[in-house]
file protein.txt (compact mmCIF, N, CA, C and O atoms)
# COMPACT_ATOMS: atom_id res chain seq x y z
N MET A 1 96.85 108.06 -37.16
CA MET A 1 96.22 108.82 -36.10
C MET A 1 95.65 107.83 -35.08
O MET A 1 94.99 106.87 -35.43
N ARG A 2 95.91 108.09 -33.83
CA ARG A 2 95.40 107.23 -32.77
C ARG A 2 94.00 107.69 -32.38
O ARG A 2 93.74 108.87 -32.26
N THR A 3 93.11 106.72 -32.21
CA THR A 3 91.74 107.05 -31.82
C THR A 3 91.44 106.60 -30.40
O THR A 3 90.42 106.96 -29.85
N GLY A 4 92.31 105.77 -29.83
CA GLY A 4 92.07 105.25 -28.49
C GLY A 4 91.32 103.94 -28.48
O GLY A 4 91.14 103.32 -27.44
N SER A 5 90.84 103.49 -29.64
CA SER A 5 90.08 102.24 -29.71
C SER A 5 90.90 101.12 -30.34
O SER A 5 90.35 100.11 -30.72
N GLU A 6 92.21 101.29 -30.46
CA GLU A 6 93.03 100.30 -31.15
C GLU A 6 92.94 98.89 -30.56
O GLU A 6 92.86 97.93 -31.32
N PRO A 7 92.96 98.70 -29.25
CA PRO A 7 92.86 97.32 -28.76
C PRO A 7 91.55 96.64 -29.15
O PRO A 7 91.51 95.44 -29.34
N VAL A 8 90.49 97.40 -29.30
CA VAL A 8 89.19 96.82 -29.65
C VAL A 8 89.14 96.48 -31.13
O VAL A 8 88.58 95.47 -31.53
N THR A 9 89.74 97.32 -31.97
CA THR A 9 89.62 97.15 -33.42
C THR A 9 90.92 96.67 -34.06
O THR A 9 91.05 96.73 -35.26
N ALA A 10 91.88 96.21 -33.28
CA ALA A 10 93.17 95.79 -33.82
C ALA A 10 93.03 94.56 -34.70
O ALA A 10 92.18 93.70 -34.46
N ARG A 11 93.84 94.49 -35.72
CA ARG A 11 93.87 93.34 -36.61
C ARG A 11 95.26 92.73 -36.54
O ARG A 11 96.26 93.42 -36.44
N SER A 12 95.31 91.42 -36.60
CA SER A 12 96.57 90.72 -36.53
C SER A 12 97.08 90.45 -37.95
O SER A 12 96.31 90.08 -38.83
N ALA A 13 98.37 90.61 -38.15
CA ALA A 13 98.98 90.29 -39.43
C ALA A 13 99.23 88.79 -39.48
O ALA A 13 100.34 88.32 -39.25
N LEU A 14 98.17 88.03 -39.76
CA LEU A 14 98.27 86.58 -39.66
C LEU A 14 99.21 85.97 -40.69
O LEU A 14 99.91 85.00 -40.39
N ARG A 15 99.25 86.53 -41.87
CA ARG A 15 100.15 85.96 -42.88
C ARG A 15 101.60 86.18 -42.49
O ARG A 15 102.45 85.30 -42.70
N ALA A 16 101.91 87.33 -41.92
CA ALA A 16 103.28 87.58 -41.45
C ALA A 16 103.60 86.63 -40.29
O ALA A 16 104.71 86.08 -40.23
N ARG A 17 102.66 86.45 -39.38
CA ARG A 17 102.87 85.51 -38.28
C ARG A 17 103.06 84.08 -38.80
O ARG A 17 103.85 83.32 -38.25
N LEU A 18 102.33 83.73 -39.84
CA LEU A 18 102.46 82.39 -40.41
C LEU A 18 103.87 82.18 -40.96
O LEU A 18 104.50 81.15 -40.68
N TRP A 19 104.39 83.14 -41.70
CA TRP A 19 105.73 82.97 -42.27
C TRP A 19 106.81 82.98 -41.18
O TRP A 19 107.80 82.25 -41.28
N LEU A 20 106.62 83.78 -40.15
CA LEU A 20 107.57 83.75 -39.03
C LEU A 20 107.52 82.41 -38.31
O LEU A 20 108.55 81.88 -37.87
N SER A 21 106.33 81.85 -38.20
CA SER A 21 106.18 80.54 -37.57
C SER A 21 106.83 79.45 -38.42
O SER A 21 107.46 78.53 -37.88
N VAL A 22 106.68 79.54 -39.74
CA VAL A 22 107.33 78.58 -40.63
C VAL A 22 108.85 78.68 -40.49
O VAL A 22 109.55 77.66 -40.42
N TRP A 23 109.36 79.90 -40.42
CA TRP A 23 110.80 80.12 -40.25
C TRP A 23 111.28 79.51 -38.93
O TRP A 23 112.30 78.82 -38.89
N GLY A 24 110.56 79.76 -37.85
CA GLY A 24 110.92 79.19 -36.56
C GLY A 24 110.82 77.68 -36.55
O GLY A 24 111.66 76.99 -35.95
N LEU A 25 109.82 77.15 -37.22
CA LEU A 25 109.65 75.70 -37.31
C LEU A 25 110.82 75.06 -38.06
O LEU A 25 111.36 74.03 -37.62
N ALA A 26 111.24 75.67 -39.15
CA ALA A 26 112.35 75.13 -39.92
C ALA A 26 113.63 75.11 -39.09
O ALA A 26 114.35 74.10 -39.06
N TRP A 27 113.91 76.18 -38.36
CA TRP A 27 115.10 76.23 -37.52
C TRP A 27 115.00 75.26 -36.35
O TRP A 27 116.02 74.66 -35.94
N ALA A 28 113.81 75.11 -35.80
CA ALA A 28 113.65 74.17 -34.68
C ALA A 28 113.87 72.73 -35.13
O ALA A 28 114.52 71.94 -34.43
N VAL A 29 113.35 72.37 -36.31
CA VAL A 29 113.57 71.02 -36.84
C VAL A 29 115.06 70.80 -37.11
O VAL A 29 115.64 69.78 -36.73
N PHE A 30 115.68 71.79 -37.74
CA PHE A 30 117.11 71.70 -38.03
C PHE A 30 117.92 71.55 -36.74
O PHE A 30 118.81 70.69 -36.64
N GLY A 31 117.60 72.36 -35.74
CA GLY A 31 118.32 72.29 -34.47
C GLY A 31 118.10 70.98 -33.74
O GLY A 31 119.04 70.41 -33.17
N THR A 32 116.88 70.48 -33.77
CA THR A 32 116.60 69.20 -33.11
C THR A 32 117.40 68.07 -33.74
O THR A 32 118.03 67.28 -33.04
N VAL A 33 117.39 68.02 -35.06
CA VAL A 33 118.12 66.95 -35.76
C VAL A 33 119.63 67.10 -35.54
O VAL A 33 120.33 66.13 -35.22
N LEU A 34 120.13 68.32 -35.68
CA LEU A 34 121.57 68.55 -35.53
C LEU A 34 122.06 68.19 -34.13
O LEU A 34 123.05 67.47 -33.98
N PHE A 35 121.36 68.67 -33.10
CA PHE A 35 121.80 68.39 -31.73
C PHE A 35 121.61 66.93 -31.36
O PHE A 35 122.39 66.38 -30.57
N ALA A 36 120.61 66.29 -31.93
CA ALA A 36 120.44 64.86 -31.68
C ALA A 36 121.60 64.07 -32.30
O ALA A 36 122.12 63.12 -31.69
N LEU A 37 122.03 64.47 -33.49
CA LEU A 37 123.15 63.79 -34.14
C LEU A 37 124.48 64.07 -33.43
O LEU A 37 125.38 63.22 -33.43
N LEU A 38 124.61 65.25 -32.82
CA LEU A 38 125.84 65.61 -32.12
C LEU A 38 125.88 65.05 -30.70
O LEU A 38 126.87 65.24 -30.00
N GLY A 39 124.80 64.42 -30.27
CA GLY A 39 124.77 63.85 -28.93
C GLY A 39 124.54 64.87 -27.83
O GLY A 39 125.04 64.71 -26.71
N ARG A 40 123.80 65.90 -28.11
CA ARG A 40 123.44 66.93 -27.12
C ARG A 40 121.95 66.83 -26.82
O ARG A 40 121.14 67.56 -27.38
N PRO A 41 121.55 65.93 -25.94
CA PRO A 41 120.11 65.70 -25.72
C PRO A 41 119.39 66.90 -25.09
O PRO A 41 118.21 67.13 -25.38
N GLY A 42 120.07 67.68 -24.27
CA GLY A 42 119.42 68.86 -23.67
C GLY A 42 119.04 69.90 -24.71
O GLY A 42 117.92 70.43 -24.71
N TRP A 43 120.00 70.20 -25.59
CA TRP A 43 119.72 71.16 -26.65
C TRP A 43 118.70 70.61 -27.65
O TRP A 43 117.88 71.36 -28.17
N ALA A 44 118.77 69.32 -27.91
CA ALA A 44 117.80 68.71 -28.82
C ALA A 44 116.39 68.80 -28.21
O ALA A 44 115.42 69.09 -28.93
N ALA A 45 116.29 68.59 -26.91
CA ALA A 45 114.98 68.70 -26.25
C ALA A 45 114.48 70.14 -26.27
O ALA A 45 113.28 70.40 -26.48
N ALA A 46 115.38 71.10 -26.07
CA ALA A 46 114.98 72.51 -26.12
C ALA A 46 114.47 72.88 -27.51
O ALA A 46 113.44 73.56 -27.65
N CYS A 47 115.17 72.43 -28.53
CA CYS A 47 114.71 72.68 -29.90
C CYS A 47 113.40 71.94 -30.19
O CYS A 47 112.56 72.44 -30.93
N GLY A 48 113.24 70.78 -29.59
CA GLY A 48 111.98 70.04 -29.74
C GLY A 48 110.81 70.80 -29.13
O GLY A 48 109.70 70.79 -29.67
N VAL A 49 111.04 71.47 -28.00
CA VAL A 49 109.98 72.29 -27.38
C VAL A 49 109.63 73.46 -28.29
O VAL A 49 108.45 73.79 -28.48
N VAL A 50 110.65 74.11 -28.85
CA VAL A 50 110.40 75.21 -29.79
C VAL A 50 109.64 74.69 -31.01
O VAL A 50 108.73 75.35 -31.53
N TRP A 51 109.99 73.50 -31.46
CA TRP A 51 109.29 72.86 -32.58
C TRP A 51 107.82 72.69 -32.25
O TRP A 51 106.93 73.01 -33.05
N LEU A 52 107.53 72.20 -31.05
CA LEU A 52 106.14 71.99 -30.63
C LEU A 52 105.37 73.31 -30.55
O LEU A 52 104.24 73.42 -31.03
N VAL A 53 105.99 74.33 -29.96
CA VAL A 53 105.34 75.64 -29.84
C VAL A 53 105.07 76.24 -31.22
O VAL A 53 103.98 76.78 -31.47
N ALA A 54 106.04 76.14 -32.13
CA ALA A 54 105.85 76.68 -33.48
C ALA A 54 104.75 75.93 -34.22
O ALA A 54 103.96 76.54 -34.96
N THR A 55 104.66 74.63 -34.02
CA THR A 55 103.61 73.85 -34.68
C THR A 55 102.23 74.24 -34.16
O THR A 55 101.29 74.43 -34.95
N VAL A 56 102.10 74.38 -32.84
CA VAL A 56 100.81 74.80 -32.27
C VAL A 56 100.45 76.19 -32.75
O VAL A 56 99.29 76.46 -33.10
N ASP A 57 101.43 77.10 -32.80
CA ASP A 57 101.17 78.45 -33.28
C ASP A 57 100.71 78.43 -34.73
O ASP A 57 99.77 79.14 -35.10
N MET A 58 101.33 77.60 -35.57
CA MET A 58 100.91 77.50 -36.97
C MET A 58 99.48 76.99 -37.09
O MET A 58 98.71 77.48 -37.91
N VAL A 59 99.12 76.01 -36.27
CA VAL A 59 97.75 75.48 -36.31
C VAL A 59 96.74 76.57 -35.96
O VAL A 59 95.71 76.73 -36.63
N VAL A 60 97.04 77.35 -34.93
CA VAL A 60 96.13 78.43 -34.52
C VAL A 60 96.04 79.49 -35.61
O VAL A 60 94.95 79.97 -35.94
N ILE A 61 97.17 79.86 -36.18
CA ILE A 61 97.18 80.87 -37.24
C ILE A 61 96.39 80.40 -38.45
O ILE A 61 95.55 81.14 -38.99
N ILE A 62 96.62 79.18 -38.88
CA ILE A 62 95.89 78.65 -40.04
C ILE A 62 94.40 78.58 -39.75
O ILE A 62 93.57 78.90 -40.61
N ARG A 63 94.04 78.21 -38.54
CA ARG A 63 92.62 78.16 -38.16
C ARG A 63 92.00 79.56 -38.26
O ARG A 63 90.89 79.72 -38.78
N HIS A 64 92.71 80.57 -37.78
CA HIS A 64 92.17 81.94 -37.85
C HIS A 64 92.09 82.44 -39.28
O HIS A 64 91.14 83.14 -39.64
N ILE A 65 93.06 82.08 -40.11
CA ILE A 65 93.00 82.50 -41.52
C ILE A 65 91.79 81.86 -42.21
O ILE A 65 91.07 82.51 -42.97
N ARG A 66 91.55 80.59 -41.91
CA ARG A 66 90.42 79.89 -42.54
C ARG A 66 89.06 80.35 -42.03
O ARG A 66 88.05 80.08 -42.66
N GLN A 67 89.02 81.02 -40.89
CA GLN A 67 87.74 81.48 -40.37
C GLN A 67 87.20 82.68 -41.13
O GLN A 67 86.08 83.09 -40.91
N GLY A 68 88.00 83.23 -41.99
CA GLY A 68 87.48 84.26 -42.87
C GLY A 68 87.80 85.68 -42.46
O GLY A 68 88.62 85.93 -41.58
N PRO A 69 87.12 86.64 -43.10
CA PRO A 69 87.47 88.04 -42.93
C PRO A 69 87.21 88.60 -41.53
O PRO A 69 87.68 89.67 -41.23
N HIS A 70 86.47 87.88 -40.70
CA HIS A 70 86.31 88.39 -39.34
C HIS A 70 87.66 88.43 -38.63
O HIS A 70 87.95 89.36 -37.90
N PHE A 71 88.48 87.42 -38.85
CA PHE A 71 89.79 87.38 -38.21
C PHE A 71 90.90 87.88 -39.13
O PHE A 71 91.87 88.42 -38.67
N GLN A 72 90.76 87.71 -40.43
CA GLN A 72 91.79 88.14 -41.37
C GLN A 72 91.14 88.84 -42.55
O GLN A 72 90.90 88.25 -43.58
N PRO A 73 90.81 90.13 -42.41
CA PRO A 73 90.18 90.83 -43.52
C PRO A 73 91.13 90.98 -44.69
O PRO A 73 92.32 91.18 -44.51
N GLY A 74 90.58 90.88 -45.88
CA GLY A 74 91.38 91.05 -47.08
C GLY A 74 91.53 92.51 -47.44
O GLY A 74 91.10 93.40 -46.71
N ARG A 75 92.12 92.76 -48.59
CA ARG A 75 92.34 94.14 -49.01
C ARG A 75 91.03 94.87 -49.33
O ARG A 75 90.96 96.08 -49.30
N ASP A 76 89.98 94.12 -49.65
CA ASP A 76 88.70 94.74 -50.02
C ASP A 76 87.84 95.07 -48.80
O ASP A 76 86.80 95.70 -48.95
N VAL A 77 88.24 94.68 -47.60
CA VAL A 77 87.47 94.97 -46.40
C VAL A 77 88.05 96.23 -45.76
O VAL A 77 89.23 96.25 -45.40
N PRO A 78 87.24 97.30 -45.64
CA PRO A 78 87.77 98.55 -45.07
C PRO A 78 88.04 98.39 -43.58
O PRO A 78 87.50 97.50 -42.93
N PRO A 79 88.90 99.25 -43.03
CA PRO A 79 89.17 99.18 -41.60
C PRO A 79 87.92 99.53 -40.80
O PRO A 79 87.00 100.19 -41.29
N TYR A 80 87.91 99.07 -39.57
CA TYR A 80 86.78 99.36 -38.69
C TYR A 80 86.73 100.85 -38.37
O TYR A 80 87.75 101.52 -38.31
N ARG A 81 85.53 101.34 -38.14
CA ARG A 81 85.38 102.72 -37.70
C ARG A 81 85.75 102.80 -36.22
O ARG A 81 85.50 101.86 -35.48
N PRO A 82 86.29 103.92 -35.80
CA PRO A 82 86.55 104.08 -34.37
C PRO A 82 85.24 104.05 -33.58
O PRO A 82 84.18 104.44 -34.08
N ALA A 83 85.30 103.58 -32.38
CA ALA A 83 84.11 103.52 -31.53
C ALA A 83 83.60 104.92 -31.24
O ALA A 83 84.39 105.84 -30.97
N ASP A 84 82.29 105.11 -31.33
CA ASP A 84 81.70 106.41 -31.05
C ASP A 84 81.33 106.57 -29.59
O ASP A 84 80.84 107.61 -29.19
N ILE A 85 81.54 105.55 -28.82
CA ILE A 85 81.16 105.60 -27.41
C ILE A 85 82.23 106.37 -26.65
O ILE A 85 83.41 106.05 -26.69
N ARG A 86 81.79 107.40 -25.97
CA ARG A 86 82.71 108.19 -25.16
C ARG A 86 82.42 107.97 -23.70
O ARG A 86 81.26 107.79 -23.31
N PRO A 87 83.44 107.98 -22.87
CA PRO A 87 83.18 107.79 -21.45
C PRO A 87 82.41 108.98 -20.88
O PRO A 87 82.52 110.10 -21.38
N PRO A 88 81.61 108.74 -19.86
CA PRO A 88 80.87 109.86 -19.26
C PRO A 88 81.84 110.86 -18.64
O PRO A 88 82.94 110.49 -18.22
N PRO A 89 81.43 112.13 -18.59
CA PRO A 89 82.33 113.13 -18.01
C PRO A 89 82.56 112.85 -16.53
O PRO A 89 81.69 112.33 -15.83
N TYR A 90 83.74 113.22 -16.07
CA TYR A 90 84.08 112.99 -14.67
C TYR A 90 83.32 113.97 -13.79
O TYR A 90 83.25 115.16 -14.08
N ARG A 91 82.73 113.45 -12.75
CA ARG A 91 82.02 114.31 -11.78
C ARG A 91 82.75 114.22 -10.46
O ARG A 91 83.06 113.14 -9.98
N HIS A 92 82.99 115.36 -9.90
CA HIS A 92 83.64 115.40 -8.59
C HIS A 92 82.66 114.90 -7.54
O HIS A 92 81.46 115.16 -7.62
N PRO A 93 83.14 114.18 -6.54
CA PRO A 93 82.24 113.73 -5.48
C PRO A 93 81.70 114.94 -4.70
O PRO A 93 82.36 115.98 -4.61
N PRO A 94 80.49 114.83 -4.17
CA PRO A 94 79.93 115.98 -3.44
C PRO A 94 80.73 116.26 -2.17
O PRO A 94 81.25 115.36 -1.53
N ARG A 95 80.81 117.53 -1.84
CA ARG A 95 81.50 117.93 -0.62
C ARG A 95 80.48 118.03 0.50
O ARG A 95 79.43 118.64 0.37
N HIS A 96 80.79 117.39 1.60
CA HIS A 96 79.92 117.45 2.76
C HIS A 96 80.45 118.51 3.72
O HIS A 96 81.63 118.52 4.06
N ARG A 97 79.55 119.34 4.14
CA ARG A 97 79.95 120.37 5.09
C ARG A 97 79.41 119.99 6.46
O ARG A 97 78.22 119.77 6.65
N HIS A 98 80.32 119.86 7.35
CA HIS A 98 79.94 119.54 8.73
C HIS A 98 79.95 120.81 9.55
O HIS A 98 80.83 121.64 9.43
N SER A 99 78.96 120.93 10.39
CA SER A 99 78.92 122.13 11.21
C SER A 99 79.58 121.94 12.55
O SER A 99 79.92 120.95 13.02
call {"tool": "encode", "arguments": {"input": "protein.txt", "output": "C-alpha cells"}}
result
Amino acid sequence: MRTGSEPVTARSALRARLWLSVWGLAWAVFGTVLFALLGRPGWAAACGVVWLVATVDMVVIIRHIRQGPHFQPGRDVPPYRPADIRPPPYRHPPRHRHS
C-alpha cells in the first residue's frame, strides 16, 4: 500500500547493491586485463573506469552497512511508520470585486 511518504522512509537494499557491485567489479577487472592483453587500450581504459566506479560504490555501500541500523535495518527493526503530517487544505485566493 502506498502512503505517499516513500521517499522519506525508503530503505536501500544495501546487501543486494553490494553483491551487484562485486559482480560488476569482477567483470571490470576481467575486461581490463583481457583488453590490455589483446592490445585494446581504449576498451581497457573503459573497463578501468568501470572498475574505479564499482570500487567507489563498494566503499560507500560498506560504509553505510557499517553505520548500523539507521542505514541498513536488520530483520528485527520494524518498518517506519508513515508520516502523520498532512498538507494544509487548499484555499482559493480571495476574489476582488471592482466596481
call {"tool": "atom_distance", "arguments": {"input": "protein.txt", "atom1": "atom CA of Thr55 of chain A", "atom2": "atom CA of Leu38 of chain A"}}
result
23.8 Å
call {"tool": "residues_around", "arguments": {"input": "protein.txt", "residues": "Ser21 of chain A", "least_positions_apart": "6", "cutoff": "8 Å", "atoms": "all atoms listed in the file", "output": "compact mmCIF listing (two decimals) with N, CA, C and O atoms, keeping the file's coordinate frame"}}
result
# COMPACT_ATOMS: atom_id res chain seq x y z
N LEU A 14 98.17 88.03 -39.76
CA LEU A 14 98.27 86.58 -39.66
C LEU A 14 99.21 85.97 -40.69
O LEU A 14 99.91 85.00 -40.39
N ARG A 15 99.25 86.53 -41.87
CA ARG A 15 100.15 85.96 -42.88
C ARG A 15 101.60 86.18 -42.49
O ARG A 15 102.45 85.30 -42.70
N TRP A 27 113.91 76.18 -38.36
CA TRP A 27 115.10 76.23 -37.52
C TRP A 27 115.00 75.26 -36.35
O TRP A 27 116.02 74.66 -35.94
N ALA A 28 113.81 75.11 -35.80
CA ALA A 28 113.65 74.17 -34.68
C ALA A 28 113.87 72.73 -35.13
O ALA A 28 114.52 71.94 -34.43
N VAL A 50 110.65 74.11 -28.85
CA VAL A 50 110.40 75.21 -29.79
C VAL A 50 109.64 74.69 -31.01
O VAL A 50 108.73 75.35 -31.53
N TRP A 51 109.99 73.50 -31.46
CA TRP A 51 109.29 72.86 -32.58
C TRP A 51 107.82 72.69 -32.25
O TRP A 51 106.93 73.01 -33.05
N VAL A 53 105.99 74.33 -29.96
CA VAL A 53 105.34 75.64 -29.84
C VAL A 53 105.07 76.24 -31.22
O VAL A 53 103.98 76.78 -31.47
N ALA A 54 106.04 76.14 -32.13
CA ALA A 54 105.85 76.68 -33.48
C ALA A 54 104.75 75.93 -34.22
O ALA A 54 103.96 76.54 -34.96
N THR A 55 104.66 74.63 -34.02
CA THR A 55 103.61 73.85 -34.68
C THR A 55 102.23 74.24 -34.16
O THR A 55 101.29 74.43 -34.95
N ASP A 57 101.43 77.10 -32.80
CA ASP A 57 101.17 78.45 -33.28
C ASP A 57 100.71 78.43 -34.73
O ASP A 57 99.77 79.14 -35.10
N MET A 58 101.33 77.60 -35.57
CA MET A 58 100.91 77.50 -36.97
C MET A 58 99.48 76.99 -37.09
O MET A 58 98.71 77.48 -37.91
call {"tool": "atom_distance", "arguments": {"input": "protein.txt", "atom1": "atom CA of Ala36 of chain A", "atom2": "atom CA of Leu20 of chain A"}}
result
24.0 Å
